[in-house]
Amino acid sequence: MAMNLNCETARELLELQPYGELTFDQEEAVDLHVQICPACAAEKRQIESMHAVLDRQSIEPSYELLAQCRQNLRRSVAVIAGDDRPVWRRWIDSFTLSNFAKPVFAMGLLAAGFFGARLMPPAEPVAAPVARNVRFIEPGTNGAVRIGYDEVRQRSTEGRIDDRGIQDLLLAAAANPDDPGLRVDSVEVLKSRVELEDVRGALIRALEADTNEGVRLKALEALKPYLGERDVRAALTRSLVADQSPVIRTQAIDLLVSSRPAQQELTGVLQDLMRREQNAYIRQKSQTALRAMKASLETF
Amino acid sequence: MDEASLIRAAQRGDQDAFAVLVQTHDQAVLRIAMNLLRSPEEARDVYQDAFLRVFRNLHTFRFDCSFTTWLYRIVTNICLDQLRKRKVRKEEPPVVATAEGEFDALEAVEEVRADNNPQRKLLTGELRSRIGLALSELTPRERLVFEMRHYQGLRLRAIGESLGTTEEAAKNCLFRATQKMRSALGDYVQG
């Protein structure tokens, strides 16, 4: 049986209701109370309004930041573990060789290196630092000074897109604010893995927030096969409403009206487009879709 | 490999297993730190500090709670320390002085959604400052509970466990925090 509530208790429960922290009975009692108490109903609306406002302000850390954190952590862990050797070295060191075998093994390696060098193309040398960023300066005694700095070196790596490390680099490149060409290349490679949540998230962000139209178009292309996913449809709808490029808006509406689940969610958006969209093709598409849905062409 | 096996492997010194554990949880950790501290630099420090503590102390983890709870206990302690330090320094919402004048550091945080409407952008900027101010008025514990429940979607019970307190205490904390937020946001949340 539902409890009877006074306004004070109802307001305490209302505060927790959006978080799903009430029992079934408490939920029932609050809903009943709100129906007969206008003051608590207003309180409920205010709470819902606060949640809507706060939800829009959530910050999602960039993949670039995440990649940077992972890289720093990897380095620190290697130092703490006293093991900043490369993988090949750890593998070789894992063999315990007798004192007799060690020089033989060393000679073998030397010979392999000697002949290998003649057969292989010359290895790319490790690049010199391309940037230095001084972090702190501590003057010492006798004119000495201690300087902490970050050093940026260019390196290259190879691997399959399934490798987590490669994916992290691609995701970081997709968010690189300085190089749209790099972002296009990255989206092109990532599109073969749209089924991964991280990748789809990055492509959605590129579609909605990238300043470069080419990158946004690439991201849109990549997301096409996932029109069945709600987050993809929502992103396309936002692009249809907000993107400055008519090319993107046109592609977005073509995709959305071709998708049955999207059509049902679109009515309000299409009616709004009928009122304010400048592009004739998009208005015509909206009109056709609204008629097919037997919906009114206007909001009211 | 399931999480328990990964933890056991990492406890035996398997760094690859540790890396997988990190990658399973690190986005959530970074998100908590970023939303709580609203500074990429501080969030990066929290991330580093938290996972290094995990790395150093993983051998003491005895499976008497979930790994997530244990990890969040570490993260929340670091964040609480950070927030308390700020309170002691009486920091206002982050306003950074640059050669071009002062700007709100929150503006530098990457927006999830692009918005080209200047009026709406202005309103969003004002609102964001107001939210930053409202959050800074909460006590560190209120802020942490609010953040973990509102933005991370953790249950009050799990939050209580992470903070070493009861579900009831976490609930009271959340209640106070939401009331303060509502009163601080005033005009933006009319009924």
# chains A, B, ... in the order shown; residues from 1 in each chain; ligands from 1
call {"tool": "interface_residues", "arguments": {"of": "chain A", "to": "chain B", "cutoff": "9 Å", "atoms": "only C-alpha atoms", "output": "count of residues only"}}
result
49
call {"tool": "select_by_dssp", "arguments": {"residues": "stretch 39-98 of chain B", "states": "helix (DSSP H, G or I)", "output": "ChimeraX atom specification"}}
result
/B:40-60,67-89
call {"tool": "residues_around", "arguments": {"residues": "stretch 245-249 of chain A", "least_positions_apart": "3", "cutoff": "12 Å", "atoms": "only C-alpha atoms", "output": "ChimeraX atom specification"}}
result
/A:207-208,211-221,235-242,252-256,273,277-283,285-286 /B:116
call {"tool": "residues_around", "arguments": {"residues": "A:Leu297", "least_positions_apart": "2", "cutoff": "12 Å", "atoms": "only C-alpha atoms", "output": "list in words"}}
result
Thr267, Gly268, Val269, Leu270, Gln271, Asp272, Leu273, Met274, Arg275, Arg283, Gln284, Lys285, Ser286, Gln287, Thr288, Ala289, Leu290, Arg291, Ala292, Met293, Lys294, Ala295, Thr299 and Phe300 of chain A
call {"tool": "write_last_selection", "arguments": {"atoms": "N, CA and C atoms", "output": "PDB file, in the first residue's frame"}}
result
ATOM      1  N   THR A 267       9.990  13.482 -36.311  1.00  0.00           N
ATOM      2  CA  THR A 267       8.878  14.363 -36.702  1.00  0.00           C
ATOM      3  C   THR A 267       9.128  15.822 -36.309  1.00  0.00           C
ATOM      4  N   GLY A 268       9.420  16.054 -35.020  1.00  0.00           N
ATOM      5  CA  GLY A 268       9.598  17.427 -34.532  1.00  0.00           C
ATOM      6  C   GLY A 268      10.721  18.135 -35.262  1.00  0.00           C
ATOM      7  N   VAL A 269      11.803  17.430 -35.486  1.00  0.00           N
ATOM      8  CA  VAL A 269      12.969  18.032 -36.144  1.00  0.00           C
ATOM      9  C   VAL A 269      12.609  18.435 -37.581  1.00  0.00           C
ATOM     10  N   LEU A 270      11.900  17.543 -38.282  1.00  0.00           N
ATOM     11  CA  LEU A 270      11.532  17.832 -39.676  1.00  0.00           C
ATOM     12  C   LEU A 270      10.571  19.010 -39.752  1.00  0.00           C
ATOM     13  N   GLN A 271       9.622  19.051 -38.799  1.00  0.00           N
ATOM     14  CA  GLN A 271       8.684  20.183 -38.788  1.00  0.00           C
ATOM     15  C   GLN A 271       9.448  21.492 -38.570  1.00  0.00           C
ATOM     16  N   ASP A 272      10.435  21.447 -37.693  1.00  0.00           N
ATOM     17  CA  ASP A 272      11.240  22.626 -37.420  1.00  0.00           C
ATOM     18  C   ASP A 272      12.030  23.036 -38.666  1.00  0.00           C
ATOM     19  N   LEU A 273      12.556  22.015 -39.377  1.00  0.00           N
ATOM     20  CA  LEU A 273      13.319  22.302 -40.607  1.00  0.00           C
ATOM     21  C   LEU A 273      12.436  22.961 -41.656  1.00  0.00           C
ATOM     22  N   MET A 274      11.166  22.524 -41.742  1.00  0.00           N
ATOM     23  CA  MET A 274      10.240  23.109 -42.718  1.00  0.00           C
ATOM     24  C   MET A 274      10.120  24.620 -42.496  1.00  0.00           C
ATOM     25  N   ARG A 275      10.276  25.020 -41.246  1.00  0.00           N
ATOM     26  CA  ARG A 275      10.080  26.430 -40.892  1.00  0.00           C
ATOM     27  C   ARG A 275      11.345  27.254 -41.157  1.00  0.00           C
ATOM     28  N   ARG A 283      14.449  21.002 -47.370  1.00  0.00           N
ATOM     29  CA  ARG A 283      13.024  21.275 -47.063  1.00  0.00           C
ATOM     30  C   ARG A 283      12.138  20.270 -47.781  1.00  0.00           C
ATOM     31  N   GLN A 284      12.485  20.014 -49.057  1.00  0.00           N
ATOM     32  CA  GLN A 284      11.665  19.078 -49.845  1.00  0.00           C
ATOM     33  C   GLN A 284      11.722  17.668 -49.251  1.00  0.00           C
ATOM     34  N   LYS A 285      12.922  17.271 -48.829  1.00  0.00           N
ATOM     35  CA  LYS A 285      13.090  15.945 -48.201  1.00  0.00           C
ATOM     36  C   LYS A 285      12.257  15.856 -46.928  1.00  0.00           C
ATOM     37  N   SER A 286      12.286  16.948 -46.148  1.00  0.00           N
ATOM     38  CA  SER A 286      11.527  16.968 -44.891  1.00  0.00           C
ATOM     39  C   SER A 286      10.042  16.811 -45.188  1.00  0.00           C
ATOM     40  N   GLN A 287       9.598  17.566 -46.212  1.00  0.00           N
ATOM     41  CA  GLN A 287       8.175  17.540 -46.574  1.00  0.00           C
ATOM     42  C   GLN A 287       7.749  16.119 -46.982  1.00  0.00           C
ATOM     43  N   THR A 288       8.569  15.511 -47.847  1.00  0.00           N
ATOM     44  CA  THR A 288       8.243  14.165 -48.315  1.00  0.00           C
ATOM     45  C   THR A 288       8.175  13.184 -47.147  1.00  0.00           C
ATOM     46  N   ALA A 289       9.170  13.303 -46.258  1.00  0.00           N
ATOM     47  CA  ALA A 289       9.221  12.371 -45.124  1.00  0.00           C
ATOM     48  C   ALA A 289       8.021  12.583 -44.205  1.00  0.00           C
ATOM     49  N   LEU A 290       7.678  13.844 -43.950  1.00  0.00           N
ATOM     50  CA  LEU A 290       6.537  14.117 -43.056  1.00  0.00           C
ATOM     51  C   LEU A 290       5.242  13.580 -43.670  1.00  0.00           C
ATOM     52  N   ARG A 291       5.101  13.750 -44.988  1.00  0.00           N
ATOM     53  CA  ARG A 291       3.884  13.238 -45.650  1.00  0.00           C
ATOM     54  C   ARG A 291       3.833  11.719 -45.555  1.00  0.00           C
ATOM     55  N   ALA A 292       4.996  11.093 -45.774  1.00  0.00           N
ATOM     56  CA  ALA A 292       5.032   9.623 -45.686  1.00  0.00           C
ATOM     57  C   ALA A 292       4.667   9.150 -44.285  1.00  0.00           C
ATOM     58  N   MET A 293       5.000   9.981 -43.291  1.00  0.00           N
ATOM     59  CA  MET A 293       4.686   9.606 -41.911  1.00  0.00           C
ATOM     60  C   MET A 293       3.266  10.021 -41.518  1.00  0.00           C
ATOM     61  N   LYS A 294       2.545  10.652 -42.474  1.00  0.00           N
ATOM     62  CA  LYS A 294       1.206  11.194 -42.222  1.00  0.00           C
ATOM     63  C   LYS A 294       1.235  12.204 -41.060  1.00  0.00           C
ATOM     64  N   ALA A 295       2.322  12.967 -41.003  1.00  0.00           N
ATOM     65  CA  ALA A 295       2.450  13.977 -39.942  1.00  0.00           C
ATOM     66  C   ALA A 295       2.177  15.352 -40.530  1.00  0.00           C
ATOM     67  N   THR A 299       4.495  22.586 -36.821  1.00  0.00           N
ATOM     68  CA  THR A 299       4.444  22.124 -35.429  1.00  0.00           C
ATOM     69  C   THR A 299       3.034  22.247 -34.879  1.00  0.00           C
ATOM     70  N   PHE A 300       2.350  23.347 -35.205  1.00  0.00           N
ATOM     71  CA  PHE A 300       0.982  23.543 -34.699  1.00  0.00           C
ATOM     72  C   PHE A 300      -0.009  23.629 -35.860  1.00  0.00           C
TER      73      PHE A 300
END
